[in-house]
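Okay, structure.cif now, which holds mmCIF, C-alpha atoms and all ligand atoms:
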data_run
#
loop_
_atom_site.label_atom_id
_atom_site.label_comp_id
_atom_site.auth_asym_id
_atom_site.auth_seq_id
_atom_site.Cartn_x
_atom_site.Cartn_y
_atom_site.Cartn_z
CA MET A 1 -38.19 52.95 -30.22
CA PRO A 2 -36.81 49.60 -29.03
CA ARG A 3 -34.47 49.65 -26.05
CA ALA A 4 -31.25 47.68 -25.62
CA TRP A 5 -28.32 47.39 -23.26
CA GLN A 6 -25.20 48.34 -25.22
CA ALA A 7 -21.55 47.72 -24.45
CA THR A 8 -19.89 50.96 -25.51
CA GLU A 9 -16.40 49.62 -24.78
CA LEU A 10 -14.95 46.28 -23.68
CA GLY A 11 -15.00 45.62 -19.95
CA LEU A 12 -17.05 44.11 -17.15
CA PRO A 13 -20.75 44.48 -18.08
CA TRP A 14 -21.81 46.45 -15.01
CA ASP A 15 -19.09 49.02 -15.90
CA VAL A 16 -19.57 49.29 -19.67
CA LEU A 17 -23.26 48.65 -20.36
CA SER A 18 -25.60 51.57 -20.94
CA LEU A 19 -29.29 51.50 -21.76
CA ALA A 20 -30.05 53.06 -25.14
CA GLU A 21 -32.86 53.53 -27.61
CA VAL A 22 -31.94 51.78 -30.85
CA ASP A 23 -33.23 51.62 -34.40
CA THR A 24 -35.25 48.55 -35.30
CA PRO A 25 -32.78 46.46 -37.29
CA THR A 26 -33.48 45.50 -40.89
CA PRO A 27 -32.75 41.83 -41.61
CA GLY A 28 -30.05 41.15 -44.21
CA PRO A 29 -30.20 38.21 -46.63
CA GLY A 30 -30.76 34.99 -44.69
CA GLU A 31 -31.50 36.86 -41.45
CA ILE A 32 -34.58 37.38 -39.27
CA VAL A 33 -35.50 40.00 -36.68
CA ILE A 34 -37.34 38.88 -33.56
CA ASP A 35 -39.20 40.62 -30.76
CA ILE A 36 -37.45 39.25 -27.72
CA GLY A 37 -39.66 37.09 -25.50
CA ALA A 38 -36.76 36.15 -23.24
CA ALA A 39 -32.98 35.77 -23.29
CA ASP A 40 -30.93 33.53 -21.02
CA VAL A 41 -28.05 35.15 -19.16
CA ASN A 42 -24.91 33.11 -19.82
CA PHE A 43 -21.52 33.29 -18.14
CA ALA A 44 -20.15 33.64 -21.68
CA ASP A 45 -22.07 36.94 -22.09
CA ILE A 46 -19.81 38.39 -19.40
CA LEU A 47 -16.74 37.08 -21.23
CA GLN A 48 -18.06 38.58 -24.46
CA CYS A 49 -18.43 42.04 -22.88
CA GLN A 50 -14.81 41.71 -21.75
CA GLY A 51 -13.64 40.70 -25.24
CA GLN A 52 -12.58 37.31 -23.85
CA TYR A 53 -15.08 35.06 -25.63
CA GLN A 54 -14.24 32.96 -28.71
CA VAL A 55 -16.49 35.20 -30.83
CA ARG A 56 -15.24 38.77 -30.39
CA LEU A 57 -17.59 41.71 -31.08
CA GLU A 58 -16.49 45.30 -31.58
CA PRO A 59 -18.34 47.91 -29.47
CA PRO A 60 -20.93 49.22 -29.57
CA PHE A 61 -22.90 45.98 -29.38
CA THR A 62 -25.81 44.51 -27.45
CA PRO A 63 -24.77 41.32 -25.63
CA GLY A 64 -27.03 38.32 -25.12
CA MET A 65 -25.89 35.45 -27.31
CA SER A 66 -28.97 33.28 -26.87
CA ALA A 67 -32.59 34.39 -27.09
CA GLY A 68 -36.06 33.47 -28.20
CA GLY A 69 -39.15 35.31 -29.36
CA THR A 70 -41.48 36.05 -32.25
CA ILE A 71 -40.31 36.82 -35.79
CA THR A 72 -41.24 40.34 -36.93
CA ALA A 73 -39.27 40.61 -40.19
CA VAL A 74 -37.42 38.24 -42.53
CA GLY A 75 -34.62 38.92 -45.01
CA GLU A 76 -34.21 37.76 -48.57
CA GLY A 77 -34.20 34.00 -49.08
CA VAL A 78 -35.77 33.16 -45.71
CA SER A 79 -38.63 30.64 -45.65
CA LEU A 80 -39.67 31.36 -42.05
CA GLU A 81 -42.55 33.78 -41.54
CA PRO A 82 -43.38 36.66 -39.21
CA GLY A 83 -45.36 35.41 -36.23
CA GLN A 84 -43.40 32.16 -35.81
CA ARG A 85 -41.76 31.60 -32.41
CA VAL A 86 -38.08 30.74 -32.65
CA ILE A 87 -35.00 30.29 -30.51
CA GLY A 88 -31.34 30.49 -31.38
CA MET A 89 -28.02 32.26 -31.10
CA THR A 90 -27.99 35.96 -31.97
CA VAL A 91 -25.63 37.33 -34.61
CA GLY A 92 -23.55 40.48 -34.74
CA SER A 93 -24.18 43.52 -32.62
CA ASN A 94 -27.94 42.97 -32.01
CA GLY A 95 -27.91 40.49 -29.13
CA GLY A 96 -30.69 39.38 -26.84
CA PHE A 97 -30.50 41.94 -24.00
CA GLY A 98 -32.96 44.32 -25.64
CA ASP A 99 -36.42 44.46 -27.18
CA VAL A 100 -35.31 43.10 -30.58
CA ALA A 101 -32.53 40.87 -31.91
CA VAL A 102 -31.16 39.57 -35.19
CA MET A 103 -30.59 35.89 -35.95
CA GLN A 104 -29.48 33.81 -38.89
CA ALA A 105 -32.61 32.03 -40.16
CA ASP A 106 -30.86 28.73 -40.88
CA GLY A 107 -29.54 28.57 -37.32
CA VAL A 108 -32.81 28.97 -35.41
CA THR A 109 -35.21 26.36 -34.14
CA VAL A 110 -38.97 26.81 -34.34
CA ILE A 111 -40.29 26.38 -30.81
CA PRO A 112 -42.89 23.59 -30.66
CA ASP A 113 -46.40 24.85 -29.81
CA ASP A 114 -46.47 22.92 -26.54
CA VAL A 115 -43.30 24.59 -25.18
CA PRO A 116 -43.53 28.14 -23.73
CA VAL A 117 -40.92 30.62 -25.06
CA ALA A 118 -39.54 31.18 -21.55
CA THR A 119 -39.01 27.42 -21.06
CA ALA A 120 -37.36 27.05 -24.46
CA VAL A 121 -35.07 29.99 -23.70
CA ALA A 122 -34.17 28.70 -20.23
CA GLY A 123 -33.35 25.26 -21.65
CA HIS A 124 -31.72 26.33 -24.91
CA VAL A 125 -28.01 26.62 -24.04
CA ILE A 126 -27.99 24.49 -20.90
CA TYR A 127 -29.70 21.39 -22.30
CA GLY A 128 -27.99 21.83 -25.67
CA THR A 129 -24.60 21.95 -23.99
CA SER A 130 -25.29 18.99 -21.75
CA TRP A 131 -26.75 16.89 -24.56
CA PHE A 132 -23.63 17.43 -26.68
CA ALA A 133 -21.36 16.95 -23.68
CA LEU A 134 -22.93 13.89 -22.09
CA HIS A 135 -24.44 12.07 -25.05
CA ARG A 136 -22.65 13.11 -28.24
CA ARG A 137 -19.14 13.64 -26.85
CA GLY A 138 -19.22 11.73 -23.56
CA ASN A 139 -21.09 8.61 -24.77
CA LEU A 140 -22.81 8.42 -21.39
CA GLN A 141 -24.30 5.01 -20.58
CA PRO A 142 -27.13 4.22 -18.15
CA GLY A 143 -25.72 2.97 -14.86
CA GLU A 144 -22.54 5.03 -15.10
CA THR A 145 -21.49 7.47 -12.40
CA VAL A 146 -21.18 11.16 -13.34
CA LEU A 147 -19.44 13.88 -11.34
CA VAL A 148 -20.89 17.33 -12.15
CA LEU A 149 -18.91 20.41 -11.06
CA ALA A 150 -20.66 23.76 -10.43
CA ALA A 151 -23.71 21.51 -10.34
CA ALA A 152 -26.14 24.15 -9.04
CA GLY A 153 -25.27 26.54 -11.90
CA GLY A 154 -26.75 26.92 -15.37
CA VAL A 155 -25.14 24.16 -17.41
CA GLY A 156 -24.32 22.16 -14.26
CA SER A 157 -27.95 21.92 -13.14
CA SER A 158 -28.93 20.66 -16.58
CA ALA A 159 -26.17 18.03 -16.50
CA VAL A 160 -27.51 16.72 -13.18
CA GLN A 161 -31.04 16.47 -14.60
CA MET A 162 -30.02 14.88 -17.89
CA SER A 163 -27.70 12.35 -16.26
CA LYS A 164 -30.46 11.30 -13.88
CA ALA A 165 -32.94 11.11 -16.75
CA HIS A 166 -30.49 8.74 -18.48
CA GLY A 167 -30.37 6.36 -15.50
CA CYS A 168 -27.00 7.42 -14.12
CA ARG A 169 -25.73 7.94 -10.59
CA VAL A 170 -24.89 11.61 -10.06
CA ILE A 171 -22.34 13.07 -7.68
CA ALA A 172 -22.89 16.83 -7.67
CA ALA A 173 -20.34 19.33 -6.38
CA ALA A 174 -21.01 22.99 -5.69
CA GLY A 175 -19.89 25.85 -3.44
CA GLY A 176 -21.81 26.34 -0.20
CA PRO A 177 -24.70 24.69 1.67
CA ALA A 178 -27.48 26.49 -0.23
CA LYS A 179 -26.13 25.28 -3.57
CA VAL A 180 -25.67 21.75 -2.19
CA GLN A 181 -29.37 21.78 -1.29
CA VAL A 182 -30.19 22.89 -4.87
CA CYS A 183 -28.21 19.87 -6.13
CA ARG A 184 -30.19 17.52 -3.87
CA ASP A 185 -33.46 19.07 -5.06
CA LEU A 186 -32.32 18.49 -8.66
CA GLY A 187 -32.04 14.79 -7.87
CA ALA A 188 -28.32 14.30 -7.25
CA ASP A 189 -27.53 11.05 -5.43
CA VAL A 190 -24.61 12.63 -3.59
CA ALA A 191 -24.03 16.37 -3.10
CA ILE A 192 -20.64 17.71 -2.01
CA ASP A 193 -19.80 21.23 -0.85
CA TYR A 194 -16.40 21.66 -2.46
CA SER A 195 -15.85 24.95 -0.66
CA SER A 196 -15.61 23.12 2.68
CA GLU A 197 -15.04 19.43 1.87
CA ASP A 198 -12.13 17.61 0.19
CA LEU A 199 -13.63 16.88 -3.23
CA ARG A 200 -11.13 14.18 -4.17
CA GLU A 201 -11.50 12.27 -0.91
CA ARG A 202 -15.30 12.44 -0.97
CA VAL A 203 -15.60 11.28 -4.60
CA LEU A 204 -13.24 8.36 -4.02
CA ALA A 205 -15.08 7.42 -0.82
CA GLU A 206 -18.43 7.53 -2.63
CA THR A 207 -17.12 5.28 -5.44
CA ASP A 208 -15.18 2.74 -3.32
CA GLY A 209 -11.94 4.19 -4.66
CA ARG A 210 -12.85 3.48 -8.29
CA GLY A 211 -13.62 7.05 -9.38
CA VAL A 212 -16.31 8.26 -11.79
CA ASP A 213 -16.98 7.31 -15.40
CA VAL A 214 -17.67 10.86 -16.54
CA VAL A 215 -16.72 14.28 -15.18
CA TYR A 216 -18.67 17.33 -16.42
CA ASP A 217 -16.40 20.33 -15.84
CA PRO A 218 -17.60 23.91 -16.51
CA VAL A 219 -15.06 25.32 -14.03
CA GLY A 220 -11.50 24.35 -15.03
CA GLY A 221 -8.53 25.55 -12.99
CA GLU A 222 -7.73 23.53 -9.86
CA TYR A 223 -11.02 21.59 -10.15
CA PHE A 224 -9.88 20.13 -13.46
CA ASP A 225 -6.80 18.74 -11.73
CA ILE A 226 -8.96 17.12 -9.05
CA ALA A 227 -11.22 15.77 -11.82
CA ARG A 228 -8.21 14.09 -13.50
CA ARG A 229 -7.48 12.33 -10.24
CA VAL A 230 -10.99 10.99 -9.70
CA VAL A 231 -11.83 9.89 -13.23
CA ALA A 232 -12.06 6.10 -13.55
CA TRP A 233 -10.36 3.70 -15.99
CA GLU A 234 -11.78 4.42 -19.48
CA GLY A 235 -13.45 7.53 -18.05
CA ARG A 236 -14.22 10.75 -19.93
CA LEU A 237 -13.40 14.20 -18.59
CA LEU A 238 -15.65 16.67 -20.40
CA VAL A 239 -14.14 20.13 -20.83
CA VAL A 240 -17.21 22.39 -20.80
CA GLY A 241 -15.88 25.72 -19.59
CA PHE A 242 -13.51 27.76 -17.45
CA ALA A 243 -15.69 29.71 -15.01
CA SER A 244 -12.71 29.81 -12.62
CA GLY A 245 -10.87 31.94 -15.18
CA THR A 246 -7.98 29.48 -15.39
CA ILE A 247 -7.50 27.23 -18.43
CA PRO A 248 -5.91 23.97 -17.25
CA SER A 249 -3.60 21.48 -19.00
CA ALA A 250 -3.58 17.69 -18.84
CA PRO A 251 -0.20 15.89 -18.96
CA ALA A 252 -0.40 13.25 -21.71
CA ASN A 253 1.39 10.64 -19.57
CA HIS A 254 -1.39 10.92 -16.96
CA LEU A 255 -4.02 10.23 -19.66
CA LEU A 256 -2.03 7.19 -20.81
CA VAL A 257 -1.33 5.68 -17.41
CA LYS A 258 -4.90 6.15 -16.12
CA ASN A 259 -6.41 5.30 -19.54
CA TYR A 260 -8.96 8.13 -19.70
CA SER A 261 -9.97 10.75 -22.27
CA VAL A 262 -10.16 14.52 -22.05
CA VAL A 263 -12.99 15.56 -24.35
CA GLY A 264 -13.68 19.08 -25.62
CA VAL A 265 -17.27 20.32 -25.92
CA HIS A 266 -18.33 23.33 -28.04
CA MET A 267 -22.11 23.43 -28.37
CA GLY A 268 -22.30 26.81 -30.12
CA ALA A 269 -20.18 25.72 -33.08
CA TYR A 270 -22.48 22.87 -34.14
CA ARG A 271 -24.82 25.34 -35.87
CA ASP A 272 -22.11 26.07 -38.44
CA VAL A 273 -20.05 22.87 -38.41
CA ASP A 274 -22.66 20.10 -38.11
CA PRO A 275 -26.27 21.45 -38.13
CA GLU A 276 -27.73 17.97 -38.52
CA ARG A 277 -26.42 17.12 -35.05
CA LEU A 278 -28.14 20.25 -33.68
CA ARG A 279 -31.45 18.96 -35.07
CA GLU A 280 -30.76 15.60 -33.43
CA CYS A 281 -30.15 17.42 -30.15
CA ASN A 282 -33.38 19.42 -30.42
CA ASP A 283 -35.35 16.29 -31.32
CA ALA A 284 -34.08 14.72 -28.12
CA ILE A 285 -34.58 17.59 -25.69
CA TYR A 286 -37.79 19.36 -26.80
CA PRO A 287 -40.14 16.40 -26.16
CA MET A 288 -38.58 16.11 -22.71
CA MET A 289 -39.18 19.81 -22.04
CA ALA A 290 -42.73 19.59 -23.40
CA ASP A 291 -43.77 16.72 -21.12
CA GLY A 292 -41.90 17.99 -18.06
CA ARG A 293 -39.19 15.31 -17.89
CA LEU A 294 -36.74 18.21 -18.21
CA GLU A 295 -37.71 21.40 -16.42
CA PRO A 296 -35.01 24.07 -16.51
CA LEU A 297 -34.13 25.52 -13.13
CA VAL A 298 -34.88 29.25 -13.36
CA SER A 299 -33.90 31.05 -10.17
CA ARG A 300 -34.67 34.59 -11.27
CA THR A 301 -36.25 36.61 -14.10
CA VAL A 302 -35.05 40.19 -14.52
CA GLY A 303 -36.16 43.14 -16.64
CA PHE A 304 -34.01 45.90 -18.12
CA GLU A 305 -33.14 47.65 -14.86
CA ASP A 306 -31.87 44.58 -13.01
CA LEU A 307 -29.86 42.96 -15.79
CA PRO A 308 -26.38 44.38 -14.94
CA GLN A 309 -26.81 43.36 -11.28
CA ALA A 310 -27.88 39.88 -12.37
CA MET A 311 -24.73 39.58 -14.49
CA LEU A 312 -22.63 40.69 -11.51
CA ASP A 313 -24.32 38.08 -9.33
CA LEU A 314 -23.57 35.40 -11.93
CA TYR A 315 -19.92 36.50 -12.06
CA GLU A 316 -19.63 36.45 -8.28
CA ARG A 317 -21.12 32.97 -7.90
CA ARG A 318 -24.36 34.12 -6.28
CA THR A 319 -26.80 32.62 -8.80
CA THR A 320 -28.20 29.14 -9.20
CA GLY A 321 -29.70 27.57 -12.31
CA ARG A 322 -30.57 29.99 -15.04
CA VAL A 323 -31.20 33.73 -14.85
CA ILE A 324 -33.60 34.97 -17.52
CA PHE A 325 -33.91 38.44 -19.04
CA ASP A 326 -37.47 39.39 -20.03
CA PRO A 327 -37.81 42.87 -21.55
CA ALA A 328 -41.41 43.01 -20.35
CA ALA A 329 -40.57 42.15 -16.73
N1 LIG B 401 -18.64 24.41 -24.03
C1 LIG B 401 -19.82 24.92 -24.28
O1 LIG B 401 -20.40 24.69 -25.34
C2 LIG B 401 -20.45 25.80 -23.23
C3 LIG B 401 -21.80 26.16 -23.32
C4 LIG B 401 -22.36 26.93 -22.29
C5 LIG B 401 -21.55 27.35 -21.22
N2 LIG B 401 -20.23 27.02 -21.21
C6 LIG B 401 -19.35 27.45 -20.11
O2 LIG B 401 -19.77 26.83 -18.91
C7 LIG B 401 -19.43 27.65 -17.80
C8 LIG B 401 -20.65 27.84 -16.92
O3 LIG B 401 -21.60 28.64 -17.62
P1 LIG B 401 -23.02 29.02 -16.98
O4 LIG B 401 -23.55 30.12 -17.80
O5 LIG B 401 -23.83 27.79 -16.81
O6 LIG B 401 -22.61 29.61 -15.55
P2 LIG B 401 -22.91 29.04 -14.09
O7 LIG B 401 -22.40 27.64 -14.03
O8 LIG B 401 -24.33 29.29 -13.74
O9 LIG B 401 -22.01 29.99 -13.20
C9 LIG B 401 -20.66 29.72 -13.00
C10 LIG B 401 -20.45 28.83 -11.76
O10 LIG B 401 -19.10 28.37 -11.81
C11 LIG B 401 -18.65 28.16 -10.48
N3 LIG B 401 -17.34 28.77 -10.27
C12 LIG B 401 -16.25 28.14 -9.79
N4 LIG B 401 -15.23 28.98 -9.68
C13 LIG B 401 -15.65 30.18 -10.09
C14 LIG B 401 -15.04 31.46 -10.18
N5 LIG B 401 -13.75 31.65 -9.83
N6 LIG B 401 -15.77 32.49 -10.65
C15 LIG B 401 -17.05 32.32 -11.00
N7 LIG B 401 -17.70 31.12 -10.95
C16 LIG B 401 -16.99 30.05 -10.47
C17 LIG B 401 -19.69 28.80 -9.53
O11 LIG B 401 -20.43 27.74 -8.94
P3 LIG B 401 -19.94 27.23 -7.46
O12 LIG B 401 -20.06 28.42 -6.55
O13 LIG B 401 -20.88 26.15 -7.14
O14 LIG B 401 -18.53 26.78 -7.63
C18 LIG B 401 -20.58 29.60 -10.45
O15 LIG B 401 -21.89 29.71 -9.97
C19 LIG B 401 -18.87 28.95 -18.39
O16 LIG B 401 -17.46 28.90 -18.38
C20 LIG B 401 -19.39 28.95 -19.80
O17 LIG B 401 -18.60 29.70 -20.69
C21 LIG B 401 -19.68 26.27 -22.19
#
Rewrite the coordinates I just gave you, this time as structure tokens.
Amino acid sequence: MPRAWQATELGLPWDVLSLAEVDTPTPGPGEIVIDIGAADVNFADILQCQGQYQVRLEPPFTPGMSAGGTITAVGEGVSLEPGQRVIGMTVGSNGGFGDVAVMQADGVTVIPDDVPVATAVAGHVIYGTSWFALHRRGNLQPGETVLVLAAAGGVGSSAVQMSKAHGCRVIAAAGGPAKVQVCRDLGADVAIDYSSEDLRERVLAETDGRGVDVVYDPVGGEYFDIARRVVAWEGRLLVVGFASGTIPSAPANHLLVKNYSVVGVHMGAYRDVDPERLRECNDAIYPMMADGRLEPLVSRTVGFEDLPQAMLDLYERRTTGRVIFDPAA
């Protein structure tokens, strides 16, 4: 029987997850079942276990909102076929941290033959998020300066890579010397340790007092307030997430006086709201993953046993880049 980590109640994953044998799901109309090749471990998976994510699931459920693998069964009305390799967001209680998962057929992407499943999985959420943030929502232009917060993390590392690939100057900020080195290795022009340096002073010094055109903020809280102070005239402050746990507010008079925009980013909702834009995103990022222009930073691949510890490490800021779950590892 397939195995899966299941949240039996809401709470922190390492407290509420238990490993279970589960029935192989039967796909409903419009759905597919996949054998998991890999699933990326997202900060939002922790929030989902806690019942604090936008999409709330009732226990018992298997977390893992993003995954990729090979189709084994298709439901009524589905034109995809068993054997095809796909990637997408999981639906309902059969998430990606198991041997099998369920997805909505019209929301998945067929992985191009020249892209390995593990690469597609590692890049799925991070490059998707950064493409929507930087290009669709942030209107990033070559030559602009981008400040990336939590730049050694999952989405942050992808924002550094994509901004560089677009011909931008990147100021990366992260916590601790090891993460700062990761930022440099990713190609950041300037790397700041915001756990020991004054982020505002350093950014202003690096930009001759002008500030940055775009801020990519997956952290929120006090960092958002610093970001407001270092965003340039006509700049865009991209609200990507709240890893700090604190949802900030921006006073409207500050936006007016400094003439900048605060821009929301919600990658996951495009599948339902504007699927054409998701195709545009995939068309942009897959060729770059296939030819190596974008190579997702994977710091660790874990199997069943090590998944809860990996989620704890992500929560406690000990991971860099992407952590991948592989049921065969
Ligand atoms: N809007 C969207 O569509 C979208 C899509 C994907 C993800 N997200 C969001 O983006 C954020 C990052 O996701 P991710 O999966 O890529 O995680 P991640 O960035 O790999 O991990 C979170 C990082 O945030 C930083 N951080 C700062 N304060 C923190 C705190 N108090 N607790 C924990 N971490 C803290 C840490 O980096 P330092 O130690 O360097 O500070 C940590 O490594 C999450 O909030 C997630 O929900 C949003």
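Using all atoms listed in the file, the shortest contact distance between ligand LIG 401 (chain B) and any of A:Val74, A:Val108, A:Ala44, A:Ala101 is found at A:Ala44.
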Subject >> Residue neighbourhood Pro251 of chain A, 12 Å, only C-alpha atoms, exclusion window fewer than 5 positions, as a PyMOL selection string >> reply: chain A and resi 224-225+228-229+256-258+260-262
What are the nearest atom pairs, with distances in Å to one decimal, for all residues of chain A that come at most 6 Å from ligand LIG 401 (chain B), using all atoms listed in the file, set out by chain and rising residue number as a Markdown table?
| residue | atom | partner | partner_atom | distance |
| --- | --- | --- | --- | --- |
| A:Asn42 | CA | B:LIG401 | O4 | 3.9 |
| A:Phe43 | CA | B:LIG401 | O4 | 3.8 |
| A:Ala44 | CA | B:LIG401 | O17 | 4.3 |
| A:Val125 | CA | B:LIG401 | C4 | 5.9 |
| A:Thr129 | CA | B:LIG401 | C3 | 5.1 |
| A:Ala150 | CA | B:LIG401 | O13 | 4.1 |
| A:Ala152 | CA | B:LIG401 | O13 | 5.9 |
| A:Gly153 | CA | B:LIG401 | O8 | 3.4 |
| A:Gly154 | CA | B:LIG401 | O5 | 3.4 |
| A:Val155 | CA | B:LIG401 | O5 | 3.9 |
| A:Gly156 | CA | B:LIG401 | O7 | 5.8 |
| A:Ala174 | CA | B:LIG401 | O13 | 3.5 |
| A:Gly175 | CA | B:LIG401 | O13 | 3.8 |
| A:Pro218 | CA | B:LIG401 | O2 | 4.4 |
| A:Val219 | CA | B:LIG401 | C12 | 5.2 |
| A:Val240 | CA | B:LIG401 | N1 | 4.1 |
| A:Gly241 | CA | B:LIG401 | O16 | 3.8 |
| A:Phe242 | CA | B:LIG401 | O16 | 4.2 |
| A:Ala243 | CA | B:LIG401 | O16 | 3.9 |
| A:Ser244 | CA | B:LIG401 | N5 | 3.5 |
| A:Val265 | CA | B:LIG401 | N1 | 4.7 |
| A:His266 | CA | B:LIG401 | O1 | 3.7 |
| A:Met267 | CA | B:LIG401 | O1 | 3.7 |
| A:Gly268 | CA | B:LIG401 | O1 | 5.6 |
| A:Leu314 | CA | B:LIG401 | O9 | 5.8 |
| A:Tyr315 | CA | B:LIG401 | C15 | 5.2 |
| A:Glu316 | CA | B:LIG401 | C15 | 5.6 |
| A:Arg317 | CA | B:LIG401 | O15 | 3.9 |
| A:Thr319 | CA | B:LIG401 | O15 | 5.8 |
| A:Thr320 | CA | B:LIG401 | O8 | 6.0 |
| A:Gly321 | CA | B:LIG401 | O8 | 5.8 |
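Residue neighbourhood of segment 132-137 of chain A, excluding near-sequence residues (fewer than 3 positions): Tyr127, Gly128, Thr129, Leu140, Gln141, Val146, Ala159, Met162, Ser163, His166, Val214, Val215, Tyr216, Asp217, Arg236, Leu237, Leu238, Val239, Val240, Val263, Gly264, Val265, His266, Met267, Tyr270, Arg277, Leu278, Glu280 and Cys281 of chain A, at 10 Å, using all atoms listed in the file.
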Sorted per-residue table, segment 209-316 of chain A near segment 61-68 of chain A, closest atoms and distance, 12 Å, all atoms listed in the file, as CSV:
residue,atom,partner,partner_atom,distance
A:Gly268,CA,A:Met65,CA,9.8
A:Leu307,CA,A:Gly64,CA,10.8
A:Pro308,CA,A:Pro63,CA,11.2
A:Met311,CA,A:Gly64,CA,10.9
Subject >> Neighbour list for Val170 of chain A as JSON, numbers by chain, cut-off 9 Å, all atoms listed in the file, skip fewer than 3 positions in-chain >> reply: {"A": [144, 145, 146, 147, 148, 160, 163, 164, 187, 188, 189, 190, 191]}
